[in-house]
$ cat input08.txt   # compact mmCIF, C-alpha atoms
# COMPACT_ATOMS: atom_id res chain seq x y z
CA MET G 67 0.30 20.38 -17.15
CA ASN G 68 -1.91 17.66 -15.64
CA GLY G 69 -5.29 16.32 -16.59
CA ILE G 70 -7.64 13.41 -16.99
CA VAL G 71 -9.24 11.88 -20.08
CA SER G 72 -12.62 10.15 -19.84
CA ASP G 73 -15.58 9.20 -21.99
CA GLU G 74 -18.97 10.91 -21.99
CA GLN G 75 -20.10 8.78 -19.02
CA GLY G 76 -17.07 9.84 -16.96
CA GLU G 77 -15.23 6.49 -17.21
CA PRO G 78 -11.44 7.02 -17.43
CA LEU G 79 -9.74 6.06 -20.70
CA ILE G 80 -6.55 4.06 -20.21
CA GLY G 81 -3.80 4.60 -22.80
CA ALA G 82 -5.26 7.69 -24.48
CA SER G 83 -2.65 9.66 -26.46
CA ILE G 84 -1.78 13.24 -25.47
CA LEU G 85 0.37 15.15 -27.98
CA VAL G 86 1.41 18.79 -28.37
CA LYS G 87 0.52 19.63 -31.96
CA GLY G 88 3.52 20.09 -34.24
CA THR G 89 5.97 18.50 -31.76
CA ASN G 90 7.05 15.09 -30.50
CA ASN G 91 6.19 16.04 -26.92
CA GLY G 92 3.51 13.64 -25.74
CA THR G 93 2.38 11.02 -23.25
CA ILE G 94 -0.42 8.54 -22.56
CA THR G 95 -2.95 8.26 -19.75
CA ASP G 96 -2.47 5.82 -16.87
CA ILE G 97 -4.92 3.32 -15.37
CA GLU G 98 -6.93 6.16 -13.83
CA GLY G 99 -7.09 8.11 -17.10
CA SER G 100 -4.69 10.72 -15.69
CA PHE G 101 -1.69 12.24 -17.44
CA SER G 102 1.14 14.66 -16.75
CA LEU G 103 3.08 16.55 -19.44
CA SER G 104 5.84 19.09 -18.92
CA GLY G 105 7.39 21.66 -21.25
CA VAL G 106 4.11 22.72 -22.84
CA PRO G 107 4.19 26.38 -24.00
CA GLU G 108 1.11 28.56 -23.60
CA ASN G 109 -1.25 28.98 -26.56
CA SER G 110 -0.41 25.45 -27.73
CA THR G 111 -2.86 22.97 -29.20
CA ILE G 112 -3.16 19.59 -27.47
CA ILE G 113 -4.28 16.64 -29.59
CA VAL G 114 -6.10 13.94 -27.60
CA SER G 115 -6.92 10.64 -29.30
CA PHE G 116 -8.06 7.15 -28.39
CA ILE G 117 -9.11 4.20 -30.54
CA GLY G 118 -12.87 4.13 -30.95
CA TYR G 119 -13.30 7.82 -30.04
CA ASP G 120 -13.24 11.07 -32.00
CA THR G 121 -9.91 12.90 -31.83
CA GLN G 122 -10.18 16.21 -29.98
CA GLU G 123 -7.99 19.32 -30.16
CA VAL G 124 -7.77 21.34 -26.96
CA SER G 125 -6.39 24.87 -26.62
CA TYR G 126 -3.85 25.16 -23.82
CA LYS G 127 -3.55 28.61 -22.25
CA GLY G 128 -1.57 27.77 -19.14
CA GLN G 129 -4.23 25.83 -17.20
CA ASN G 130 -2.92 23.60 -14.41
CA PHE G 131 -5.52 20.92 -15.06
CA LEU G 132 -7.42 19.75 -18.14
CA ASN G 133 -10.59 17.67 -17.89
CA ILE G 134 -11.07 16.17 -21.35
CA LYS G 135 -14.07 14.10 -22.42
CA LEU G 136 -13.94 12.19 -25.70
CA LYS G 137 -16.99 11.30 -27.75
CA ASP G 138 -17.56 7.68 -28.70
CA ASN G 139 -17.38 6.97 -32.44
CA THR G 140 -19.53 3.90 -33.14
CA GLU G 141 -18.37 3.78 -36.76
CA LEU G 142 -14.85 2.77 -35.75
CA LEU G 143 -14.60 -1.02 -35.76
CA ASP G 144 -11.04 -1.33 -34.45
CA GLU G 145 -11.91 -0.42 -30.86
CA VAL G 146 -9.55 -2.14 -28.44
CA VAL G 147 -10.93 -4.31 -25.63
CA VAL G 148 -8.73 -5.11 -22.61
CA ILE G 149 -8.95 -8.86 -21.93
CA GLY G 150 -6.66 -9.28 -18.91
CA TYR G 151 -3.15 -10.06 -20.14
CA GLY G 152 -3.46 -8.18 -23.45
CA THR G 153 -5.82 -6.43 -25.85
CA LEU G 154 -7.89 -7.36 -28.91
CA ALA G 155 -9.56 -5.31 -31.60
CA LYS G 156 -13.29 -5.33 -30.98
CA LYS G 157 -14.03 -6.77 -34.45
CA GLU G 158 -11.70 -9.69 -33.62
CA LEU G 159 -13.34 -10.40 -30.26
CA SER G 160 -15.71 -13.33 -30.47
CA SER G 161 -16.23 -13.82 -26.75
CA SER G 162 -19.11 -12.45 -24.68
CA ILE G 163 -18.18 -9.62 -22.32
CA VAL G 164 -20.75 -7.59 -20.38
CA GLN G 165 -19.92 -4.57 -18.23
CA VAL G 166 -22.37 -3.15 -15.71
CA ASN G 167 -21.49 0.27 -14.27
CA ARG G 168 -22.60 1.86 -11.02
CA SER G 169 -25.32 3.88 -12.76
CA ASP G 170 -26.92 0.64 -14.02
CA PHE G 171 -26.94 -1.24 -10.68
CA GLN G 172 -30.20 -2.37 -9.12
CA GLN G 173 -31.49 0.20 -6.65
CA GLY G 174 -32.46 -0.78 -3.12
CA ALA G 175 -31.14 -2.40 0.04
CA VAL G 176 -28.90 -5.36 -0.82
CA GLY G 177 -26.85 -7.56 1.49
CA ASN G 178 -24.71 -9.23 -1.17
CA PRO G 179 -23.02 -7.06 -3.85
CA MET G 180 -23.97 -9.54 -6.59
CA GLU G 181 -27.62 -8.65 -6.05
CA LEU G 182 -26.74 -5.29 -7.65
CA ILE G 183 -26.69 -6.93 -11.09
CA THR G 184 -29.63 -9.30 -10.72
CA GLY G 185 -31.37 -9.47 -14.09
CA LYS G 186 -28.74 -7.24 -15.73
CA VAL G 187 -26.69 -9.93 -17.48
CA ALA G 188 -28.26 -12.37 -19.94
CA GLY G 189 -27.47 -15.98 -19.07
CA MET G 190 -26.27 -15.21 -15.55
CA SER G 191 -28.21 -16.66 -12.61
CA VAL G 192 -28.16 -14.84 -9.24
CA ILE G 193 -30.14 -16.79 -6.65
CA ASN G 194 -30.50 -16.39 -2.89
CA ASP G 195 -32.12 -19.58 -1.60
CA ALA G 196 -32.64 -18.22 1.93
CA PRO G 197 -33.33 -14.46 1.78
CA ALA G 198 -34.65 -14.47 5.36
CA ASN G 199 -31.23 -15.58 6.66
CA PRO G 200 -28.60 -12.80 6.55
CA ASN G 201 -25.81 -15.40 6.71
CA ALA G 202 -26.98 -17.15 3.54
CA GLY G 203 -24.84 -16.62 0.47
CA THR G 204 -25.88 -15.90 -3.11
CA SER G 205 -25.53 -18.65 -5.68
CA LEU G 206 -23.97 -17.52 -8.97
CA GLN G 207 -23.94 -19.41 -12.24
CA ILE G 208 -22.75 -18.01 -15.56
CA ARG G 209 -22.26 -21.11 -17.69
CA GLY G 210 -24.70 -23.45 -15.96
CA ALA G 211 -23.85 -26.48 -13.84
CA THR G 212 -20.50 -27.79 -15.11
CA SER G 213 -19.38 -30.01 -12.24
CA LEU G 214 -20.89 -32.64 -9.96
CA SER G 215 -18.24 -32.55 -7.24
CA VAL G 216 -16.85 -28.99 -7.01
CA SER G 217 -18.20 -25.45 -7.06
CA ASN G 218 -20.01 -24.10 -10.10
CA SER G 219 -19.43 -20.49 -9.02
CA PRO G 220 -17.44 -18.12 -11.26
CA LEU G 221 -13.97 -16.82 -10.45
CA ILE G 222 -14.11 -13.46 -8.66
CA VAL G 223 -11.32 -10.94 -9.41
CA ILE G 224 -11.35 -7.76 -7.32
CA ASP G 225 -9.01 -5.02 -8.61
CA GLY G 226 -6.81 -7.70 -10.17
CA ILE G 227 -6.74 -9.96 -7.08
CA GLN G 228 -8.19 -13.40 -7.77
CA ASN G 229 -10.44 -15.48 -5.51
CA GLY G 230 -11.82 -12.46 -3.71
CA ASP G 231 -14.87 -12.63 -1.44
CA MET G 232 -17.54 -10.17 -2.50
CA ARG G 233 -19.18 -10.23 0.92
CA ASN G 234 -16.13 -8.42 2.28
CA LEU G 235 -16.93 -5.48 -0.02
CA ALA G 236 -19.41 -2.73 0.71
CA PRO G 237 -21.81 -2.50 -2.27
CA GLN G 238 -21.16 1.26 -2.33
CA ASP G 239 -17.43 0.63 -2.98
CA ILE G 240 -18.08 -1.09 -6.32
CA GLU G 241 -17.64 1.08 -9.41
CA SER G 242 -18.32 -1.54 -12.09
CA MET G 243 -18.53 -5.29 -12.75
CA THR G 244 -17.36 -6.96 -15.95
CA ILE G 245 -18.63 -10.47 -16.64
CA LEU G 246 -16.65 -12.80 -18.93
CA LYS G 247 -19.28 -15.34 -19.89
CA ASP G 248 -17.85 -17.79 -22.37
CA GLY G 249 -14.84 -20.09 -22.51
CA ALA G 250 -12.81 -17.91 -24.88
CA SER G 251 -12.90 -14.84 -22.66
CA ALA G 252 -12.36 -16.78 -19.42
CA ALA G 253 -9.53 -18.93 -20.80
CA MET G 254 -6.93 -16.30 -19.89
CA TYR G 255 -7.42 -17.34 -16.24
CA GLY G 256 -6.91 -21.04 -16.97
CA THR G 257 -9.06 -23.71 -15.35
CA ARG G 258 -10.03 -21.27 -12.60
CA GLY G 259 -12.13 -19.41 -15.15
CA ALA G 260 -14.01 -22.50 -16.36
CA ASN G 261 -17.24 -21.29 -14.75
CA GLY G 262 -16.85 -17.72 -16.00
CA VAL G 263 -15.11 -14.71 -14.49
CA ILE G 264 -16.42 -11.60 -12.73
CA LEU G 265 -14.02 -8.63 -12.72
CA ILE G 266 -14.86 -6.07 -10.03
CA THR G 267 -13.45 -2.53 -10.13
CA THR G 268 -13.73 -0.59 -6.88
CA ARG G 269 -14.19 3.10 -6.28
CA ARG G 270 -11.20 5.44 -6.42
CA GLY G 271 -10.59 9.15 -6.17
CA SER G 272 -10.99 11.10 -9.40
CA GLY G 273 -11.32 14.63 -10.70
CA ALA G 274 -9.07 17.66 -10.65
CA ALA G 275 -6.01 17.73 -8.43
CA GLY G 276 -6.82 18.97 -4.95
CA THR G 277 -10.48 17.95 -5.07
CA LYS G 278 -12.00 15.98 -2.23
CA ARG G 279 -15.32 14.19 -1.94
CA VAL G 280 -17.17 12.99 1.17
CA THR G 281 -20.01 10.49 0.71
CA TYR G 282 -22.50 9.07 3.19
CA ASP G 283 -25.01 6.37 2.36
CA GLY G 284 -27.33 4.59 4.74
CA TRP G 285 -30.55 2.65 4.79
CA PHE G 286 -32.83 0.79 7.17
CA GLY G 287 -35.07 -2.10 6.17
CA VAL G 288 -37.75 -4.17 7.89
CA ASN G 289 -38.61 -7.81 7.12
CA ILE G 290 -42.07 -9.20 7.90
CA GLU G 291 -43.17 -12.81 7.50
CA LYS G 292 -45.89 -12.81 4.86
CA ASN G 293 -47.24 -16.36 5.05
CA LYS G 294 -46.73 -18.25 8.30
CA PRO G 295 -46.36 -22.02 8.01
CA ASP G 296 -49.51 -24.06 8.56
CA ILE G 297 -48.68 -26.44 11.40
CA LEU G 298 -50.64 -28.63 13.81
CA SER G 299 -51.94 -27.16 17.03
CA ALA G 300 -51.00 -28.80 20.35
CA ASP G 301 -54.31 -30.73 20.48
CA GLU G 302 -54.04 -31.79 16.84
CA PHE G 303 -50.52 -33.01 17.45
CA ARG G 304 -51.63 -34.99 20.51
CA ARG G 305 -54.32 -36.73 18.48
CA SER G 306 -51.84 -37.64 15.77
CA MET G 307 -48.93 -38.75 17.96
CA ARG G 308 -48.30 -42.19 19.39
CA ALA G 309 -45.72 -41.12 21.99
CA TYR G 310 -46.38 -40.26 25.61
CA ASP G 311 -48.07 -36.89 26.27
CA TYR G 312 -46.18 -34.72 28.80
CA GLY G 313 -48.94 -32.10 28.92
CA ALA G 314 -47.08 -29.09 27.41
CA SER G 315 -48.65 -26.94 24.67
CA THR G 316 -45.66 -24.86 23.54
CA ASP G 317 -45.86 -23.44 20.02
CA TRP G 318 -42.24 -24.04 19.08
CA SER G 319 -42.70 -22.60 15.60
CA ALA G 320 -43.58 -19.21 17.09
CA ALA G 321 -41.00 -19.53 19.87
CA ILE G 322 -38.02 -19.69 17.48
CA ARG G 323 -39.16 -16.92 15.10
CA ARG G 324 -39.24 -13.16 15.21
CA ASP G 325 -42.41 -11.37 14.17
CA LEU G 326 -40.25 -8.66 12.62
CA SER G 327 -36.57 -8.39 11.72
CA TYR G 328 -34.50 -5.48 10.42
CA ASP G 329 -31.43 -4.66 8.33
CA THR G 330 -29.30 -1.53 8.60
CA ASN G 331 -26.31 -0.30 6.62
CA HIS G 332 -24.14 2.79 7.15
CA TYR G 333 -21.35 3.80 4.78
CA ILE G 334 -19.05 6.83 4.72
CA ALA G 335 -16.20 7.46 2.28
CA ILE G 336 -13.59 10.16 1.71
CA ASP G 337 -11.70 10.23 -1.58
CA GLY G 338 -9.86 12.74 -3.73
CA SER G 339 -7.02 13.48 -6.10
CA THR G 340 -3.60 15.09 -5.83
CA GLN G 341 -1.15 16.32 -8.46
CA SER G 342 0.41 12.88 -8.75
CA GLY G 343 -2.23 10.36 -7.70
CA ASN G 344 -5.45 9.68 -5.85
CA TYR G 345 -6.63 8.21 -2.56
CA GLY G 346 -9.75 6.79 -1.01
CA MET G 347 -10.95 5.56 2.38
CA SER G 348 -14.28 4.07 3.39
CA LEU G 349 -15.91 2.71 6.55
CA ASN G 350 -18.93 0.42 6.54
CA TYR G 351 -21.21 -0.97 9.23
CA LYS G 352 -23.83 -3.62 8.48
CA LYS G 353 -26.22 -5.41 10.78
CA ALA G 354 -29.04 -7.77 9.90
CA THR G 355 -31.37 -10.08 11.81
CA GLY G 356 -33.24 -13.00 10.27
CA LEU G 357 -36.76 -14.15 10.94
CA ASP G 358 -35.50 -17.03 13.10
CA LEU G 359 -33.79 -16.20 16.39
CA ALA G 360 -30.57 -18.04 15.51
CA SER G 361 -29.81 -15.98 12.39
CA SER G 362 -28.14 -12.59 12.69
CA ARG G 363 -25.07 -10.92 11.20
CA GLU G 364 -23.03 -7.88 12.20
CA GLU G 365 -20.06 -6.61 10.18
CA TYR G 366 -17.52 -3.80 10.38
CA GLY G 367 -15.47 -2.96 7.31
CA ALA G 368 -12.71 -0.52 6.43
CA ARG G 369 -10.93 0.04 3.12
CA PHE G 370 -8.07 2.28 2.02
CA THR G 371 -6.62 2.76 -1.47
CA LEU G 372 -3.71 4.90 -2.64
CA SER G 373 -2.34 5.39 -6.13
CA GLN G 374 0.79 7.54 -6.42
CA LYS G 375 3.16 8.35 -9.24
CA ILE G 376 6.83 8.17 -8.29
CA TYR G 377 8.24 9.68 -11.47
CA GLY G 378 6.84 12.24 -13.86

$ encode --input "input08.txt" --output "structure tokens"
Amino acid sequence: MNGIVSDEQGEPLIGASILVKGTNNGTITDIEGSFSLSGVPENSTIIVSFIGYDTQEVSYKGQNFLNIKLKDNTELLDEVVVIGYGTLAKKELSSSIVQVNRSDFQQGAVGNPMELITGKVAGMSVINDAPANPNAGTSLQIRGATSLSVSNSPLIVIDGIQNGDMRNLAPQDIESMTILKDGASAAMYGTRGANGVILITTRRGSGAAGTKRVTYDGWFGVNIEKNKPDILSADEFRRSMRAYDYGASTDWSAAIRRDLSYDTNHYIAIDGSTQSGNYGMSLNYKKATGLDLASSREEYGARFTLSQKIYG
């Protein structure tokens, strides 16, 4: 018998207990919320429980796969929160942790994945100082300016790998972002977490064994200069200058700018689940041109993930 345990929003529950009623035959769910249990007789009752959720009893009649959703119980105060190297009861957690899931991301064409959570996290500043330049990065600050000589940006952790670069990720590959805002929550990462920590979880295959999903996402955007800079004409410049006049009247401001620039993004992904794991593959193409002729960016990206059980 195989299955998956998730909450009402479809997020997998890690460490949920699966037990055949009246026996000691049981197991727990893995990091994907999946479980496998052998030796289960037909017409048995399966007890599924997880801290902070209502316990559910499921009738087993020989199904190969069980998709179980547990209901959140807000009256339980001992809910466990995963904090990196361990867990804490929610009532004992004094730090500030905010999780933003895919369904809550900002909608629209974004070049930097952090723009997906602009305005979603109190106290977090997401600023792009040069939106007309596709090569410009996004400035992030969670705990304000804490240093005069080094970066004030938070530590980025992508699927457990520290110091990741979000610009190498396709925004469509991101499943959720968890922001650790204060010193207590970020202390588990040492001095590297002094400016806060952003934990990024990427997309993986899910669902019943044997299922497959193909996703395409694409968009095209146009950028137009709203207010052109007010500069001197050639004759006005001649009257104001004290240098020698060579007779040219080139409008260099117009010569180095585009009247219109565009952004395009194409993304395709294939992911699914097997009896003992899941897989995912995605391809991404991004191209953007800025309003000045010297700024443009073209990227190709590919990503592959595989999670496989060796035993059980």

$ atom_distance --input "input08.txt" --atom1 "CA of Ala82 in chain G" --atom2 "CA of Asn167 in chain G"
20.6 Å

$ atom_distance --input "input08.txt" --atom1 "CA of Gln172 in chain G" --atom2 "CA of Gly185 in chain G"
8.7 Å

$ residues_around --input "input08.txt" --residues "Thr111 in chain G" --least-positions-apart "5" --cutoff "9 Å" --atoms "all atoms listed in the file" --output "list of chain:residue names"
G:Leu85, G:Val86, G:Lys87, G:Gly88, G:Glu123, G:Val124, G:Ser125, G:Tyr126, G:Lys127

$ residues_around --input "input08.txt" --residues "Val176 in chain G" --least-positions-apart "5" --cutoff "9 Å" --atoms "only C-alpha atoms" --output "list of chain:residue names"
G:Glu181, G:Leu182, G:Pro237

$ closest_residue --input "input08.txt" --among "G:Gly128, G:Gln122, G:Asn289, G:Ile336" --to "Ser104 in chain G" --atoms "all atoms listed in the file"
G:Gly128

$ closest_residue --input "input08.txt" --among "G:Gly230, G:Gly69, G:Gly338, G:Gly262" --to "Val164 in chain G" --atoms "all atoms listed in the file"
G:Gly262

$ residues_around --input "input08.txt" --residues "Asp195 in chain G" --least-positions-apart "2" --cutoff "8 Å" --atoms "all atoms listed in the file" --output "ChimeraX atom specification"
/G:193,197,202,204-205

$ write_last_selection --input "input08.txt" --atoms "C-alpha atoms" --output "PDB file, keeping the file's coordinate frame"
ATOM      1  CA  ILE G 193     -30.140 -16.790  -6.650  1.00  0.00           C
ATOM      2  CA  PRO G 197     -33.330 -14.460   1.780  1.00  0.00           C
ATOM      3  CA  ALA G 202     -26.980 -17.150   3.540  1.00  0.00           C
ATOM      4  CA  THR G 204     -25.880 -15.900  -3.110  1.00  0.00           C
ATOM      5  CA  SER G 205     -25.530 -18.650  -5.680  1.00  0.00           C
TER       6      SER G 205
END

$ atom_distance --input "input08.txt" --atom1 "CA of Glu241 in chain G" --atom2 "CA of Gly271 in chain G"
11.2 Å

$ residues_around --input "input08.txt" --residues "Tyr282 in chain G" --least-positions-apart "6" --cutoff "7 Å" --atoms "all atoms listed in the file" --output "VMD selection string"
chain G and resid 333 to 335

$ closest_residue --input "input08.txt" --among "G:Ile97, G:Leu221, G:Leu103, G:Leu136" --to "Phe116 in chain G" --atoms "only C-alpha atoms"
G:Leu136

$ residues_around --input "input08.txt" --residues "Lys135 in chain G" --least-positions-apart "4" --cutoff "8 Å" --atoms "only C-alpha atoms" --output "NGL selection string"
:G and (71-74 or 76)

$ decode --input "input08.txt" --residues "range 256-338 of chain G" --atoms "C-alpha atoms" --output "CSV table (one decimal), in the first residue's frame"
chain,number,residue,atom,x,y,z
G,256,GLY,CA,25.3,31.2,12.3
G,257,THR,CA,26.7,34.6,11.2
G,258,ARG,CA,25.6,33.9,7.6
G,259,GLY,CA,22.0,34.4,8.7
G,260,ALA,CA,22.6,37.7,10.4
G,261,ASN,CA,20.6,39.5,7.7
G,262,GLY,CA,17.8,37.0,7.7
G,263,VAL,CA,17.3,33.8,5.8
G,264,ILE,CA,15.1,33.0,2.8
G,265,LEU,CA,14.3,29.2,2.4
G,266,ILE,CA,13.2,28.4,-1.2
G,267,THR,CA,11.5,25.1,-1.9
G,268,THR,CA,11.3,24.1,-5.6
G,269,ARG,CA,8.7,22.2,-7.5
G,270,ARG,CA,8.7,18.4,-7.5
G,271,GLY,CA,6.5,15.7,-8.8
G,272,SER,CA,3.5,14.7,-6.7
G,273,GLY,CA,0.3,12.8,-6.8
G,274,ALA,CA,-0.6,9.1,-7.3
G,275,ALA,CA,2.0,6.7,-8.6
G,276,GLY,CA,2.2,6.7,-12.3
G,277,THR,CA,0.8,10.2,-12.8
G,278,LYS,CA,2.5,12.6,-15.1
G,279,ARG,CA,2.1,16.3,-15.6
G,280,VAL,CA,3.2,18.6,-18.4
G,281,THR,CA,3.2,22.3,-17.9
G,282,TYR,CA,3.8,25.2,-20.3
G,283,ASP,CA,4.0,28.8,-19.2
G,284,GLY,CA,4.9,31.8,-21.3
G,285,TRP,CA,4.5,35.5,-21.5
G,286,PHE,CA,5.5,38.5,-23.6
G,287,GLY,CA,5.9,42.1,-22.3
G,288,VAL,CA,6.6,45.5,-23.8
G,289,ASN,CA,8.4,48.4,-22.1
G,290,ILE,CA,7.7,52.0,-23.2
G,291,GLU,CA,9.5,55.1,-21.8
G,292,LYS,CA,6.8,57.2,-20.1
G,293,ASN,CA,8.7,60.4,-19.4
G,294,LYS,CA,11.7,61.2,-21.6
G,295,PRO,CA,14.4,63.3,-19.9
G,296,ASP,CA,14.3,67.0,-20.5
G,297,ILE,CA,17.7,67.9,-22.1
G,298,LEU,CA,19.2,70.8,-24.0
G,299,SER,CA,18.8,71.0,-27.7
G,300,ALA,CA,21.9,71.3,-29.9
G,301,ASP,CA,21.4,75.1,-30.2
G,302,GLU,CA,20.8,75.5,-26.5
G,303,PHE,CA,23.9,73.5,-25.8
G,304,ARG,CA,26.0,75.6,-28.1
G,305,ARG,CA,24.8,78.8,-26.4
G,306,SER,CA,25.7,77.3,-23.0
G,307,MET,CA,29.1,75.8,-23.8
G,308,ARG,CA,32.5,77.4,-23.8
G,309,ALA,CA,34.3,74.8,-25.9
G,310,TYR,CA,34.8,74.8,-29.6
G,311,ASP,CA,31.8,74.1,-31.8
G,312,TYR,CA,32.4,71.3,-34.3
G,313,GLY,CA,29.0,71.8,-36.0
G,314,ALA,CA,27.3,68.5,-35.2
G,315,SER,CA,23.7,68.4,-33.9
G,316,THR,CA,23.4,64.7,-32.8
G,317,ASP,CA,20.8,63.9,-30.2
G,318,TRP,CA,22.9,61.4,-28.2
G,319,SER,CA,20.1,60.9,-25.7
G,320,ALA,CA,17.9,59.5,-28.4
G,321,ALA,CA,20.7,57.7,-30.2
G,322,ILE,CA,21.5,55.4,-27.2
G,323,ARG,CA,17.9,54.6,-26.3
G,324,ARG,CA,15.2,52.3,-27.7
G,325,ASP,CA,11.7,53.7,-28.2
G,326,LEU,CA,10.4,50.3,-27.2
G,327,SER,CA,11.9,47.2,-25.5
G,328,TYR,CA,10.4,43.8,-24.8
G,329,ASP,CA,10.7,40.8,-22.4
G,330,THR,CA,9.8,37.2,-23.2
G,331,ASN,CA,9.8,34.1,-21.1
G,332,HIS,CA,9.0,30.5,-22.1
G,333,TYR,CA,8.9,27.6,-19.6
G,334,ILE,CA,8.0,23.9,-20.0
G,335,ALA,CA,8.1,21.3,-17.3
G,336,ILE,CA,7.4,17.5,-17.0
G,337,ASP,CA,7.1,15.9,-13.6
G,338,GLY,CA,5.4,12.9,-12.1
